[in-house]
>>> print(open('protein34.tsv').read())   # TSV, C-alpha atoms
chain	number	residue	atom	x	y	z
O	1184	MET	CA	-7.33	-5.45	24.14
O	1185	LYS	CA	-9.93	-6.13	26.81
O	1186	GLN	CA	-9.69	-2.52	27.96
O	1187	ARG	CA	-10.21	-1.19	24.44
O	1188	HIS	CA	-13.19	-3.50	23.93
O	1189	THR	CA	-14.67	-2.20	27.17
O	1190	GLU	CA	-14.08	1.39	26.04
O	1191	PHE	CA	-15.76	0.70	22.69
O	1192	VAL	CA	-18.80	-0.83	24.34
O	1193	GLY	CA	-18.81	2.11	26.74
O	1194	PHE	CA	-18.85	4.55	23.84
O	1195	ILE	CA	-21.71	2.69	22.15
O	1196	ALA	CA	-23.60	2.69	25.46
O	1197	LYS	CA	-23.28	6.47	25.63
O	1198	LEU	CA	-24.95	6.87	22.25
O	1199	PRO	CA	-28.56	8.01	22.42
O	1200	LEU	CA	-31.07	5.21	22.15
O	1201	TYR	CA	-33.56	5.10	19.32
O	1202	GLU	CA	-35.12	8.30	18.00
O	1203	TYR	CA	-38.03	6.18	16.79
O	1204	GLU	CA	-39.81	3.00	17.78
O	1205	PRO	CA	-38.00	0.08	16.09
O	1206	SER	CA	-40.15	-2.03	13.79
O	1207	ILE	CA	-40.52	-5.62	14.91
O	1208	VAL	CA	-41.80	-6.64	11.48
O	1209	ALA	CA	-38.76	-5.26	9.64
O	1210	ALA	CA	-36.40	-6.86	12.18
O	1211	ILE	CA	-38.03	-10.28	11.83
O	1212	ILE	CA	-37.99	-10.07	8.03
O	1213	PHE	CA	-34.25	-9.39	7.92
O	1214	ILE	CA	-33.50	-11.97	10.60
O	1215	ALA	CA	-35.14	-14.49	8.26
O	1216	PHE	CA	-33.35	-13.17	5.17
O	1217	PHE	CA	-29.92	-13.21	6.78
O	1218	ALA	CA	-30.56	-16.59	8.40
O	1219	ILE	CA	-31.40	-18.18	5.05
O	1220	SER	CA	-28.43	-16.58	3.29
O	1221	THR	CA	-26.00	-17.43	6.11
O	1222	ALA	CA	-27.21	-21.04	6.31
O	1223	LEU	CA	-26.72	-21.38	2.56
O	1224	ARG	CA	-23.27	-19.79	2.80
O	1225	LEU	CA	-22.31	-22.12	5.65
O	1226	TRP	CA	-23.43	-25.16	3.64
O	1227	GLN	CA	-21.57	-23.98	0.54
O	1228	MET	CA	-18.45	-23.32	2.57
O	1229	ILE	CA	-18.44	-26.70	4.33
O	1230	ARG	CA	-19.27	-28.62	1.18
O	1231	SER	CA	-16.40	-27.04	-0.75
O	1232	ARG	CA	-14.10	-26.60	2.26
O	1233	ALA	CA	-13.65	-22.96	1.32
O	1234	TRP	CA	-12.45	-21.93	4.78
O	1235	PHE	CA	-11.39	-18.47	3.59
O	1236	LEU	CA	-15.13	-17.68	3.72
O	1237	VAL	CA	-15.32	-18.17	7.51
O	1238	PRO	CA	-15.23	-14.38	8.12
O	1239	PHE	CA	-18.15	-13.97	5.72
O	1240	VAL	CA	-20.19	-16.52	7.67
O	1241	ILE	CA	-19.32	-14.74	10.93
O	1242	GLY	CA	-20.53	-11.49	9.38
O	1243	GLY	CA	-23.81	-13.21	8.51
O	1244	PHE	CA	-24.28	-14.33	12.12
O	1245	PHE	CA	-23.52	-10.78	13.27
O	1246	GLU	CA	-26.34	-9.53	11.05
O	1247	ILE	CA	-28.77	-12.11	12.46
O	1248	ILE	CA	-27.90	-11.34	16.07
O	1249	GLY	CA	-27.90	-7.60	15.40
O	1250	TYR	CA	-31.43	-7.60	14.03
O	1251	ALA	CA	-32.47	-9.92	16.85
O	1252	GLY	CA	-31.31	-7.14	19.18
O	1253	ARG	CA	-33.53	-4.70	17.31
O	1254	MET	CA	-36.43	-7.12	17.57
O	1255	ILE	CA	-35.99	-7.28	21.34
O	1256	SER	CA	-35.80	-3.49	21.52
O	1257	SER	CA	-39.04	-3.18	19.58
O	1258	LYS	CA	-40.79	-5.06	22.37
O	1259	GLU	CA	-39.40	-2.74	25.03
O	1260	ALA	CA	-40.66	0.58	23.67
O	1261	PRO	CA	-40.53	3.19	25.06
O	1262	ASP	CA	-38.34	1.96	27.97
O	1263	TYR	CA	-35.41	0.53	26.03
O	1264	SER	CA	-32.67	-1.40	27.81
O	1265	LYS	CA	-29.08	-0.81	26.75
O	1266	GLY	CA	-28.15	-4.46	26.22
O	1267	PRO	CA	-30.07	-5.11	22.99
O	1268	PHE	CA	-29.25	-1.60	21.75
O	1269	ILE	CA	-25.50	-2.13	22.22
O	1270	ILE	CA	-25.69	-5.57	20.56
O	1271	GLN	CA	-27.44	-4.29	17.45
O	1272	ALA	CA	-25.30	-1.14	17.17
O	1273	LEU	CA	-22.02	-3.04	17.59
O	1274	LEU	CA	-22.68	-6.12	15.46
O	1275	LEU	CA	-24.42	-4.36	12.58
O	1276	LEU	CA	-21.50	-1.94	12.41
O	1277	LEU	CA	-18.84	-4.68	12.40
O	1278	ALA	CA	-20.50	-7.18	10.05
O	1279	SER	CA	-19.29	-5.48	6.87
O	1280	ALA	CA	-15.66	-5.67	8.05
O	1281	PHE	CA	-15.97	-9.48	8.17
O	1282	PHE	CA	-17.54	-9.51	4.70
O	1283	ALA	CA	-14.63	-7.42	3.44
O	1284	ALA	CA	-12.05	-9.78	4.97
O	1285	SER	CA	-13.32	-12.70	2.87
O	1286	ILE	CA	-13.53	-10.49	-0.22
O	1287	TYR	CA	-9.84	-9.62	0.19
O	1288	MET	CA	-8.99	-13.31	0.26
O	1289	VAL	CA	-11.14	-14.03	-2.79
O	1290	LEU	CA	-9.16	-11.53	-4.87
O	1291	GLY	CA	-5.92	-13.10	-3.67
O	1292	ARG	CA	-7.10	-16.51	-4.87
O	1293	ILE	CA	-8.16	-15.10	-8.23
O	1294	ILE	CA	-4.63	-13.73	-8.66
O	1295	LEU	CA	-3.19	-17.17	-7.88
O	1296	LEU	CA	-5.62	-18.94	-10.19
O	1297	ILE	CA	-4.82	-16.90	-13.29
O	1298	ASP	CA	-1.13	-16.42	-12.44
O	1299	GLY	CA	-1.68	-12.67	-12.28
O	1300	GLU	CA	0.91	-11.78	-9.64
O	1301	LYS	CA	2.94	-9.59	-12.00
O	1302	HIS	CA	-0.15	-7.49	-12.77
O	1303	SER	CA	-1.00	-6.81	-9.13
O	1304	GLN	CA	0.20	-3.67	-7.35
O	1305	ILE	CA	0.41	-5.70	-4.14
O	1306	ARG	CA	1.88	-9.17	-3.89
O	1307	GLN	CA	-0.77	-11.81	-3.47
O	1308	ARG	CA	0.64	-13.10	-0.19
O	1309	TRP	CA	0.37	-9.62	1.35
O	1310	LEU	CA	-2.94	-8.55	-0.16
O	1311	ALA	CA	-5.37	-9.79	2.50
O	1312	LYS	CA	-2.92	-9.05	5.34
O	1313	ILE	CA	-2.53	-5.40	4.36
O	1314	PHE	CA	-6.23	-4.64	3.95
O	1315	VAL	CA	-7.34	-6.64	6.98
O	1316	THR	CA	-4.74	-4.69	8.97
O	1317	GLY	CA	-6.33	-1.48	7.68
O	1318	ASP	CA	-9.71	-2.66	8.94
O	1319	VAL	CA	-8.20	-3.60	12.29
O	1320	VAL	CA	-6.64	-0.14	12.61
O	1321	GLY	CA	-10.02	1.39	11.77
O	1322	ASN	CA	-11.74	-0.73	14.40
O	1323	LYS	CA	-8.99	0.07	16.90
O	1324	SER	CA	-9.73	3.76	16.36
O	1325	LYS	CA	-13.40	3.02	16.99
O	1326	SER	CA	-12.47	1.48	20.31
O	1327	ASP	CA	-11.13	4.79	21.59
O	1328	LEU	CA	-13.54	7.03	23.42
O	1329	GLY	CA	-15.08	9.97	21.61
O	1330	GLN	CA	-17.26	10.37	18.57
O	1331	LYS	CA	-14.55	12.14	16.56
O	1332	VAL	CA	-12.10	9.27	16.92
O	1333	PHE	CA	-14.93	6.85	16.17
O	1334	ILE	CA	-15.67	8.66	12.90
O	1335	ILE	CA	-11.94	8.71	12.05
O	1336	GLY	CA	-12.00	4.91	12.36
O	1337	LEU	CA	-14.84	4.74	9.86
O	1338	PHE	CA	-12.91	7.01	7.47
O	1339	ILE	CA	-9.82	4.79	7.75
O	1340	GLN	CA	-11.88	1.78	6.74
O	1341	ILE	CA	-13.39	3.64	3.78
O	1342	ILE	CA	-9.96	4.75	2.57
O	1343	CYS	CA	-8.53	1.23	2.86
O	1344	PHE	CA	-11.51	-0.27	1.09
O	1345	GLY	CA	-11.27	2.37	-1.64
O	1346	ILE	CA	-7.61	1.46	-2.21
O	1347	PHE	CA	-8.63	-2.20	-2.42
O	1348	ILE	CA	-11.29	-1.43	-5.04
O	1349	PHE	CA	-8.73	0.54	-7.07
O	1350	THR	CA	-6.23	-2.34	-6.75
O	1351	SER	CA	-8.86	-4.78	-8.04
O	1352	PHE	CA	-9.76	-2.55	-10.97
O	1353	LEU	CA	-6.13	-1.95	-11.93
O	1354	LEU	CA	-5.40	-5.68	-11.83
O	1355	HIS	CA	-8.38	-6.38	-14.09
O	1356	ARG	CA	-7.35	-3.62	-16.50
O	1357	ARG	CA	-3.73	-4.76	-16.73
O	1358	ILE	CA	-4.73	-8.36	-17.38
O	1359	GLY	CA	-7.13	-7.14	-20.06
O	1360	LYS	CA	-4.24	-5.41	-21.82
O	1361	SER	CA	-1.69	-8.17	-21.24
O	1362	PRO	CA	-3.47	-11.48	-20.50
O	1363	THR	CA	-1.79	-14.40	-18.84
O	1364	PRO	CA	-2.22	-17.81	-20.53
O	1365	LEU	CA	-4.63	-18.92	-17.80
O	1366	SER	CA	-6.66	-15.70	-17.79
O	1367	ASP	CA	-7.64	-16.29	-21.44
O	1368	LEU	CA	-9.13	-19.71	-20.80
O	1369	PRO	CA	-12.95	-19.83	-20.92
O	1370	SER	CA	-12.66	-22.85	-18.64
O	1371	ILE	CA	-11.55	-20.55	-15.80
O	1372	PRO	CA	-14.43	-18.10	-15.20
O	1373	TRP	CA	-12.47	-15.61	-13.13
O	1374	ARG	CA	-14.09	-12.56	-14.75
O	1375	LYS	CA	-17.55	-13.33	-13.44
O	1376	HIS	CA	-16.07	-13.54	-9.94
O	1377	MET	CA	-14.37	-10.18	-10.45
O	1378	TRP	CA	-17.67	-8.59	-11.46
O	1379	ALA	CA	-19.32	-10.15	-8.41
O	1380	LEU	CA	-16.59	-8.59	-6.25
O	1381	TYR	CA	-17.10	-5.20	-7.90
O	1382	ALA	CA	-20.82	-5.34	-7.12
O	1383	ALA	CA	-20.20	-6.41	-3.52
O	1384	ASN	CA	-17.48	-3.77	-3.10
O	1385	ALA	CA	-19.76	-1.00	-4.37
O	1386	LEU	CA	-22.53	-1.99	-1.96
O	1387	ILE	CA	-20.18	-2.17	1.04
O	1388	MET	CA	-18.68	1.20	0.12
O	1389	LEU	CA	-22.13	2.80	-0.18
O	1390	ARG	CA	-23.10	1.38	3.19
O	1391	SER	CA	-19.86	2.63	4.77
O	1392	ILE	CA	-20.41	6.15	3.43
O	1393	PHE	CA	-23.94	6.09	4.86
O	1394	ARG	CA	-22.58	5.11	8.26
O	1395	VAL	CA	-20.04	7.94	8.25
O	1396	VAL	CA	-22.66	10.53	7.32
O	1397	GLU	CA	-25.03	9.07	9.90
O	1398	TYR	CA	-22.52	9.44	12.74
O	1399	ILE	CA	-21.34	12.86	11.57
O	1400	GLN	CA	-24.93	14.12	11.70
O	1401	GLY	CA	-25.31	12.66	15.18
O	1402	ARG	CA	-28.44	12.28	17.25
O	1403	GLU	CA	-30.18	15.31	15.79
O	1404	GLY	CA	-29.39	14.30	12.22
O	1405	TYR	CA	-32.05	13.28	9.76
O	1406	LEU	CA	-30.59	9.82	9.11
O	1407	GLN	CA	-30.75	8.70	12.74
O	1408	SER	CA	-34.26	10.03	13.14
O	1409	LYS	CA	-35.76	7.66	10.54
O	1410	GLU	CA	-35.44	3.89	10.84
O	1411	VAL	CA	-36.11	3.39	7.14
O	1412	PHE	CA	-32.61	4.66	6.26
O	1413	LEU	CA	-30.97	1.90	8.31
O	1414	TYR	CA	-32.86	-0.73	6.35
O	1415	ILE	CA	-32.32	0.89	2.93
O	1416	PHE	CA	-28.62	1.70	3.32
O	1417	ASP	CA	-27.51	-1.11	5.61
O	1418	ALA	CA	-29.85	-4.11	5.81
O	1419	VAL	CA	-30.81	-4.21	2.13
O	1420	LEU	CA	-27.27	-3.51	0.92
O	1421	MET	CA	-25.64	-6.13	3.16
O	1422	PHE	CA	-28.25	-8.73	2.24
O	1423	ALA	CA	-27.57	-7.95	-1.42
O	1424	VAL	CA	-23.83	-8.53	-0.81
O	1425	MET	CA	-24.58	-11.92	0.73
O	1426	THR	CA	-26.96	-12.85	-2.08
O	1427	ILE	CA	-24.49	-11.93	-4.81
O	1428	LEU	CA	-21.83	-14.16	-3.28
O	1429	ASN	CA	-24.37	-16.92	-2.69
O	1430	VAL	CA	-25.13	-16.97	-6.41
O	1431	VAL	CA	-21.60	-16.38	-7.72
O	1432	HIS	CA	-19.99	-18.44	-5.01
O	1433	PRO	CA	-16.22	-17.96	-4.53
O	1434	SER	CA	-15.76	-21.63	-3.66
O	1435	GLN	CA	-15.46	-22.24	-7.41
O	1436	ILE	CA	-12.18	-20.32	-7.33
O	1437	GLY	CA	-11.01	-22.45	-4.41
O	1438	ASP	CA	-12.00	-25.68	-6.19
O	1439	LEU	CA	-10.09	-24.73	-9.33
O	1440	LEU	CA	-7.03	-23.84	-7.25
O	1441	LYS	CA	-7.17	-27.20	-5.50
O	1442	GLU	CA	-7.18	-28.99	-8.85
O	1443	LEU	CA	-4.12	-27.04	-9.93
O	1444	GLY	CA	-2.42	-27.71	-6.60
O	1445	ARG	CA	-2.98	-31.45	-6.86
O	1446	GLY	CA	-1.30	-31.48	-10.24
O	1447	ASN	CA	-4.45	-32.72	-11.93
O	1448	TRP	CA	-4.00	-29.98	-14.56
O	1449	LYS	CA	-0.89	-29.19	-16.52
O	1450	LEU	CA	-0.41	-25.91	-18.37
O	1451	GLU	CA	0.00	-27.61	-21.74
O	1452	ASP	CA	-3.27	-29.45	-21.15
O	1453	LEU	CA	-5.04	-26.28	-20.07
O	1454	LEU	CA	-3.98	-24.55	-23.25
O	1455	SER	CA	-5.17	-27.33	-25.53
O	1456	GLU	CA	-8.45	-26.75	-27.32
O	1457	GLY	CA	-9.64	-30.27	-26.55
O	1458	TRP	CA	-9.25	-29.71	-22.79
O	1459	ARG	CA	-11.11	-26.41	-23.02
O	1460	GLU	CA	-14.15	-27.98	-24.62
O	1461	SER	CA	-14.24	-31.13	-22.48
O	1462	THR	CA	-13.76	-29.53	-19.07
O	1463	ARG	CA	-15.53	-26.19	-19.41
O	1464	VAL	CA	-16.59	-24.93	-15.96
O	1465	GLY	CA	-19.52	-22.58	-15.60
O	1466	GLY	CA	-19.10	-19.79	-18.09
O	1467	GLU	CA	-18.50	-16.10	-17.69
>>> encode(input="protein34.tsv", output="C-alpha cells")
Amino acid sequence: MKQRHTEFVGFIAKLPLYEYEPSIVAAIIFIAFFAISTALRLWQMIRSRAWFLVPFVIGGFFEIIGYAGRMISSKEAPDYSKGPFIIQALLLLLASAFFAASIYMVLGRIILLIDGEKHSQIRQRWLAKIFVTGDVVGNKSKSDLGQKVFIIGLFIQIICFGIFIFTSFLLHRRIGKSPTPLSDLPSIPWRKHMWALYAANALIMLRSIFRVVEYIQGREGYLQSKEVFLYIFDAVLMFAVMTILNVVHPSQIGDLLKELGRGNWKLEDLLSEGWRESTRVGGE
C-alpha cells in the first residue's frame, strides 16, 4: 500500500505544472466557501450523530486543503514548487470519491427506512460495500504508474458511479409502481432525499467526465491550459454538491431510522391517519 501511494504521488509529480498562473483570489474564495460548508456539515453530523457522513466531511477538508495548495502556488509564480502542486492535484481529485462514499450509504439508509429491500437490485447490506470497492479499485488503478492506467482508473470510477445512479433510479421507479407501506407515508420524506441524491450524483458525474477529458487531452489540451475550467467543472460543482446536502441534510434519514430502531414507532401507528397528522416531519 505504501509503495502504491508513493507511485501515485510520483506520477502526480511527473505531471506538468500549471500552464497558467493560478489565481489567488479564486483559491481564497473557494477555501472560504468549502470551509463554511464543511464546518456546517461537521456541526450537522455531530449534532445528529450521523457518522455515515464522515467521508463527506473528509472530502470537504480535502477541498479546503487542495485550494490552499493552489493559493500557495499562486504566490510562487513562475517558480512553482512541487509540494503544493501535488497536494492540490491529489486532494482535489480524490475529494469526490469521499463524497460518493457517503452518498452510497445514504441510499442504503433510505432503503432501510422505507423497507424497500425487495425493490433494490442490490441488497442494502452490500450496496455501499460494492460501490466503495469500485472506487477503491479505480483509485488503485490511479496508483499505478502511467497516464493510461491513471485514466483507466477514472473510467472505472465513472462506470461504477453510473451503475449506482441507475440502481437508485430503478429503485425509485419500482417503489413508485409498487409502494411499500412506509414509502407512502408523507411523514417519511424519503423522496426529497432521493431527488437531492440525483442532483448530487449528476454533478459528481459531470465533474468526473470533465476530469477524464482533461487528462485525455493532456498538457497540450485546451482544458488544462485555462484555469477557469477547473473552477467551473470542479470547484463550483463540488461546492454545489456540498450545499445541496447541507440544505437537504441526510441526517434526517438517520434520525428517522433511530426512532424505528428504538421501537418508538410501530407499523400500525405509522399507518394511522392520526399519527400522520400529528408527527409530520418536514415535507417532500
>>> closest_residue(input="protein34.tsv", among="O:Leu1406, O:Ile1387, O:Leu1365, O:Leu1276", to="Leu1295 (chain O)", atoms="only C-alpha atoms")
O:Leu1365
>>> residues_near_point(input="protein34.tsv", point="(-39.3, 1.9, 15.5)", cutoff="10 Å", atoms="all atoms listed in the file", output="list in words")
Tyr1201, Glu1202, Tyr1203, Glu1204, Pro1205, Ser1206, Ile1207, Val1208, Ala1209, Ala1210, Arg1253, Met1254, Ser1256, Ser1257, Lys1258, Ala1260, Pro1261, Ser1408, Lys1409, Glu1410 and Val1411 of chain O
>>> write_last_selection(input="protein34.tsv", atoms="C-alpha atoms", output="mmCIF file, keeping the file's coordinate frame")
data_model
loop_
_atom_site.group_PDB
_atom_site.id
_atom_site.type_symbol
_atom_site.label_atom_id
_atom_site.label_comp_id
_atom_site.auth_asym_id
_atom_site.auth_seq_id
_atom_site.Cartn_x
_atom_site.Cartn_y
_atom_site.Cartn_z
ATOM 1 C CA TYR O 1201 -33.560 5.100 19.320
ATOM 2 C CA GLU O 1202 -35.120 8.300 18.000
ATOM 3 C CA TYR O 1203 -38.030 6.180 16.790
ATOM 4 C CA GLU O 1204 -39.810 3.000 17.780
ATOM 5 C CA PRO O 1205 -38.000 0.080 16.090
ATOM 6 C CA SER O 1206 -40.150 -2.030 13.790
ATOM 7 C CA ILE O 1207 -40.520 -5.620 14.910
ATOM 8 C CA VAL O 1208 -41.800 -6.640 11.480
ATOM 9 C CA ALA O 1209 -38.760 -5.260 9.640
ATOM 10 C CA ALA O 1210 -36.400 -6.860 12.180
ATOM 11 C CA ARG O 1253 -33.530 -4.700 17.310
ATOM 12 C CA MET O 1254 -36.430 -7.120 17.570
ATOM 13 C CA SER O 1256 -35.800 -3.490 21.520
ATOM 14 C CA SER O 1257 -39.040 -3.180 19.580
ATOM 15 C CA LYS O 1258 -40.790 -5.060 22.370
ATOM 16 C CA ALA O 1260 -40.660 0.580 23.670
ATOM 17 C CA PRO O 1261 -40.530 3.190 25.060
ATOM 18 C CA SER O 1408 -34.260 10.030 13.140
ATOM 19 C CA LYS O 1409 -35.760 7.660 10.540
ATOM 20 C CA GLU O 1410 -35.440 3.890 10.840
ATOM 21 C CA VAL O 1411 -36.110 3.390 7.140
#
>>> residues_near_point(input="protein34.tsv", point="(-8.2, -26.0, 0.5)", cutoff="10 Å", atoms="only C-alpha atoms", output="list in words")
Ser1231, Arg1232, Ala1233, Trp1234, Phe1235, Ser1434, Gly1437, Asp1438, Leu1440, Lys1441, Glu1442 and Gly1444 of chain O
>>> closest_atom_pairs(input="protein34.tsv", of="region 1250-1297 of chain O", to="region 1302-1322 of chain O", cutoff="9 Å", atoms="all atoms listed in the file", output="tab-separated table")
residue	atom	partner	partner_atom	distance
O:Leu1277	CA	O:Asn1322	CA	8.4
O:Ala1280	CA	O:Asp1318	CA	6.7
O:Ala1283	CA	O:Val1315	CA	8.1
O:Ala1284	CA	O:Val1315	CA	6.0
O:Ser1285	CA	O:Ala1311	CA	8.5
O:Ile1286	CA	O:Ala1311	CA	8.6
O:Tyr1287	CA	O:Ala1311	CA	5.0
O:Met1288	CA	O:Ala1311	CA	5.5
O:Val1289	CA	O:Ala1311	CA	8.9
O:Leu1290	CA	O:Leu1310	CA	8.4
O:Gly1291	CA	O:Gln1307	CA	5.3
O:Arg1292	CA	O:Gln1307	CA	8.0
O:Ile1294	CA	O:Gln1307	CA	6.7
O:Leu1295	CA	O:Gln1307	CA	7.4
>>> closest_residue(input="protein34.tsv", among="O:Ala1385, O:Asp1417, O:Lys1301, O:Lys1375", to="Ser1361 (chain O)", atoms="only C-alpha atoms")
O:Lys1301
>>> atom_distance(input="protein34.tsv", atom1="CA of Gln1340 (chain O)", atom2="CA of Arg1394 (chain O)")
11.3 Å
>>> closest_residue(input="protein34.tsv", among="O:Ala1272, O:Ala1418, O:Ala1251, O:Leu1380", to="Tyr1398 (chain O)", atoms="only C-alpha atoms")
O:Ala1272
>>> closest_residue(input="protein34.tsv", among="O:Phe1349, O:Trp1373, O:Phe1244, O:Phe1281", to="Gly1299 (chain O)", atoms="all atoms listed in the file")
O:Trp1373
>>> atom_distance(input="protein34.tsv", atom1="CA of Val1431 (chain O)", atom2="CA of Phe1282 (chain O)")
14.8 Å
>>> closest_residue(input="protein34.tsv", among="O:Ile1341, O:Ser1220, O:Asp1367, O:Phe1268", to="Ile1427 (chain O)", atoms="all atoms listed in the file")
O:Ser1220
>>> atom_distance(input="protein34.tsv", atom1="CA of Phe1217 (chain O)", atom2="CA of Ile1269 (chain O)")
19.5 Å
>>> closest_residue(input="protein34.tsv", among="O:Arg1224, O:Gln1435, O:Arg1374, O:Ser1264", to="Gly1359 (chain O)", atoms="only C-alpha atoms")
O:Arg1374
